[in-house]
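Worksheet: the structure to be examined is printed underneath.
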Amino acid sequence: MTFDNLLGGPPPTLLADDPAAEPLANHGNPESVAMSHPASPLAWATLAEAALAEGRDLQGYAYARVGYHRGLDALRKSGWKGHGPVPWSHEPNRGFLRCLAALADASERIGDHEEAQRCRGFLADCDPEAPLHPPTS
């Protein structure tokens with residue numbers, strides 16, 4: 001998907017490679033990976049998705065919230081000014097986007113429907129192609 005903006009909006013934000021990606025891909029323990037790479041949205045997304053899949057909704061919410069904020073930090077470091085595309089097609093962006101989807105689902109599960117709606121809207125604003133729900137494997 002291209003993000004052409006005829007009004008001259010900001011270019012897509014592309015995060016740097018996430019250092020947690022390799023250890024997670026090699027089946028590293030997600031808790032250990034998060035402890036080694038606490039700024040990694042991908043590590044927190046992995047923890048949030050696992051907790052939600054196991055019905056640990058409050059833990060999933062907490063993990064997703066941490067990853068969301070660490071992702072915002074990374075976006076800002078990459079020049080993001082609070083709006084503009086964050087494409088799903090760019091692999092390093094997926095940790096943040098997965099946290100945002102997990103935060104939406106976890107918020108819904110704990111009864112914070114307003115936050116769930118806000119997160120889903122934000123996710124769609126970042127990239128309409130991003131999955132709206134985390135995996136539940």
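Lettering and numbering for the structure tokens are positional, with chains as A, B, ... in the shown order, residues counted from 1 in each chain, and ligands counted from 1 in the shown order.
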
Excluding region 118-125 of chain A and any residue of its chain fewer than 3 positions from it, enumerate the residues within 8 Å of it, using only C-alpha atoms, and give them as a ChimeraX atom specification. /A:84-85,97,100-101,103-104,114-115,128-130,132

Using only N, CA and C atoms, please write the residues we just selected to a file, as a PDB file, in the first residue's frame.
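As written to disk, part_5.pdb reads:
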ATOM      1  N   GLY A  84       0.365  10.452  11.165  1.00  0.00           N
ATOM      2  CA  GLY A  84       0.969   9.988   9.914  1.00  0.00           C
ATOM      3  C   GLY A  84       1.076   8.482   9.880  1.00  0.00           C
ATOM      4  N   PRO A  85       1.313   7.950   8.709  1.00  0.00           N
ATOM      5  CA  PRO A  85       1.322   6.501   8.520  1.00  0.00           C
ATOM      6  C   PRO A  85       2.481   5.799   9.217  1.00  0.00           C
ATOM      7  N   LEU A  97       2.503  -1.904  16.274  1.00  0.00           N
ATOM      8  CA  LEU A  97       1.133  -2.094  15.796  1.00  0.00           C
ATOM      9  C   LEU A  97       0.465  -3.287  16.479  1.00  0.00           C
ATOM     10  N   LEU A 100      -0.604  -2.144  19.869  1.00  0.00           N
ATOM     11  CA  LEU A 100      -1.803  -1.321  19.765  1.00  0.00           C
ATOM     12  C   LEU A 100      -3.047  -2.191  19.591  1.00  0.00           C
ATOM     13  N   ALA A 101      -2.968  -3.229  18.759  1.00  0.00           N
ATOM     14  CA  ALA A 101      -4.094  -4.153  18.586  1.00  0.00           C
ATOM     15  C   ALA A 101      -4.373  -4.915  19.876  1.00  0.00           C
ATOM     16  N   LEU A 103      -3.654  -3.921  22.900  1.00  0.00           N
ATOM     17  CA  LEU A 103      -4.199  -2.969  23.871  1.00  0.00           C
ATOM     18  C   LEU A 103      -5.684  -2.728  23.615  1.00  0.00           C
ATOM     19  N   ALA A 104      -6.073  -2.667  22.349  1.00  0.00           N
ATOM     20  CA  ALA A 104      -7.492  -2.514  22.018  1.00  0.00           C
ATOM     21  C   ALA A 104      -8.290  -3.711  22.531  1.00  0.00           C
ATOM     22  N   GLU A 114     -14.174   2.682  25.662  1.00  0.00           N
ATOM     23  CA  GLU A 114     -13.732   3.932  25.050  1.00  0.00           C
ATOM     24  C   GLU A 114     -12.266   3.825  24.610  1.00  0.00           C
ATOM     25  N   GLU A 115     -11.422   3.266  25.464  1.00  0.00           N
ATOM     26  CA  GLU A 115     -10.009   3.084  25.121  1.00  0.00           C
ATOM     27  C   GLU A 115      -9.856   2.089  23.975  1.00  0.00           C
ATOM     28  N   PRO A 128      -4.421   1.179   7.599  1.00  0.00           N
ATOM     29  CA  PRO A 128      -5.676   0.429   7.470  1.00  0.00           C
ATOM     30  C   PRO A 128      -5.475  -1.058   7.180  1.00  0.00           C
ATOM     31  N   GLU A 129      -4.271  -1.449   6.752  1.00  0.00           N
ATOM     32  CA  GLU A 129      -3.972  -2.852   6.463  1.00  0.00           C
ATOM     33  C   GLU A 129      -3.509  -3.628   7.699  1.00  0.00           C
ATOM     34  N   ALA A 130      -3.257  -2.951   8.799  1.00  0.00           N
ATOM     35  CA  ALA A 130      -2.799  -3.627  10.022  1.00  0.00           C
ATOM     36  C   ALA A 130      -3.917  -4.480  10.594  1.00  0.00           C
ATOM     37  N   LEU A 132      -6.549  -5.904  13.041  1.00  0.00           N
ATOM     38  CA  LEU A 132      -7.232  -5.244  14.156  1.00  0.00           C
ATOM     39  C   LEU A 132      -7.168  -6.033  15.450  1.00  0.00           C
TER      40      LEU A 132
END

Which residues are near Ala64 (chain A)? Cut-off 10 Å, only C-alpha atoms, ignore same chain within fewer than 5 positions. Put them as a CSV table (one decimal) with C-alpha atoms, in the first residue's frame.
chain,number,residue,atom,x,y,z
A,41,PRO,CA,7.7,-3.2,21.4
A,42,LEU,CA,7.9,-6.6,19.8
A,43,ALA,CA,8.9,-8.3,23.0
A,44,TRP,CA,6.0,-6.7,24.9
A,45,ALA,CA,3.6,-7.5,22.0
A,46,THR,CA,4.6,-11.2,22.3
A,47,LEU,CA,4.0,-11.2,26.0
A,48,ALA,CA,0.7,-9.4,25.6
A,49,GLU,CA,-0.6,-11.7,22.9
A,51,ALA,CA,-1.3,-13.5,28.1
A,52,LEU,CA,-4.5,-12.6,26.2
A,58,LEU,CA,-5.2,-7.8,33.0
A,59,GLN,CA,-1.6,-9.0,32.4
A,69,HIS,CA,4.4,3.4,25.2
A,70,ARG,CA,7.8,2.0,24.3
A,96,PHE,CA,4.2,-1.3,17.9
A,98,ARG,CA,0.7,-5.5,17.5
A,99,CYS,CA,0.8,-3.8,20.9
A,100,LEU,CA,-1.8,-1.3,19.8
A,101,ALA,CA,-4.1,-4.2,18.6
A,102,ALA,CA,-3.5,-6.1,21.8
A,103,LEU,CA,-4.2,-3.0,23.9
A,104,ALA,CA,-7.5,-2.5,22.0
A,105,ASP,CA,-8.5,-6.1,22.7
A,106,ALA,CA,-7.4,-6.1,26.3
A,107,SER,CA,-9.2,-2.8,26.9

Pick the closest to Ala50 (chain A) from A:Gly67, A:Pro11, A:Pro38, A:Pro30: which is it, counting only C-alpha atoms? A:Pro30

Leaving out Asp127 (chain A) and any residue of its chain fewer than 5 positions from it, which residues lie within 8 Å of it when counting only C-alpha atoms, given as a list in words?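 Returned residues: Pro85, Val86, Pro87 and Trp88 of chain A.
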
Looking at A:Asp112, A:Pro134, A:Ala53, A:Trp80, which one is nearest to Leu15 (chain A), with distances taken over only C-alpha atoms?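 Closest to Leu15 (chain A) of all the choices is A:Trp80.
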
Counting only C-alpha atoms, figure out which residue out of A:Cys126, A:Ala116, A:Ile110, A:Ala74 gets nearest to Ala16 (chain A).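 The closest residue to Ala16 (chain A) is A:Ala74.
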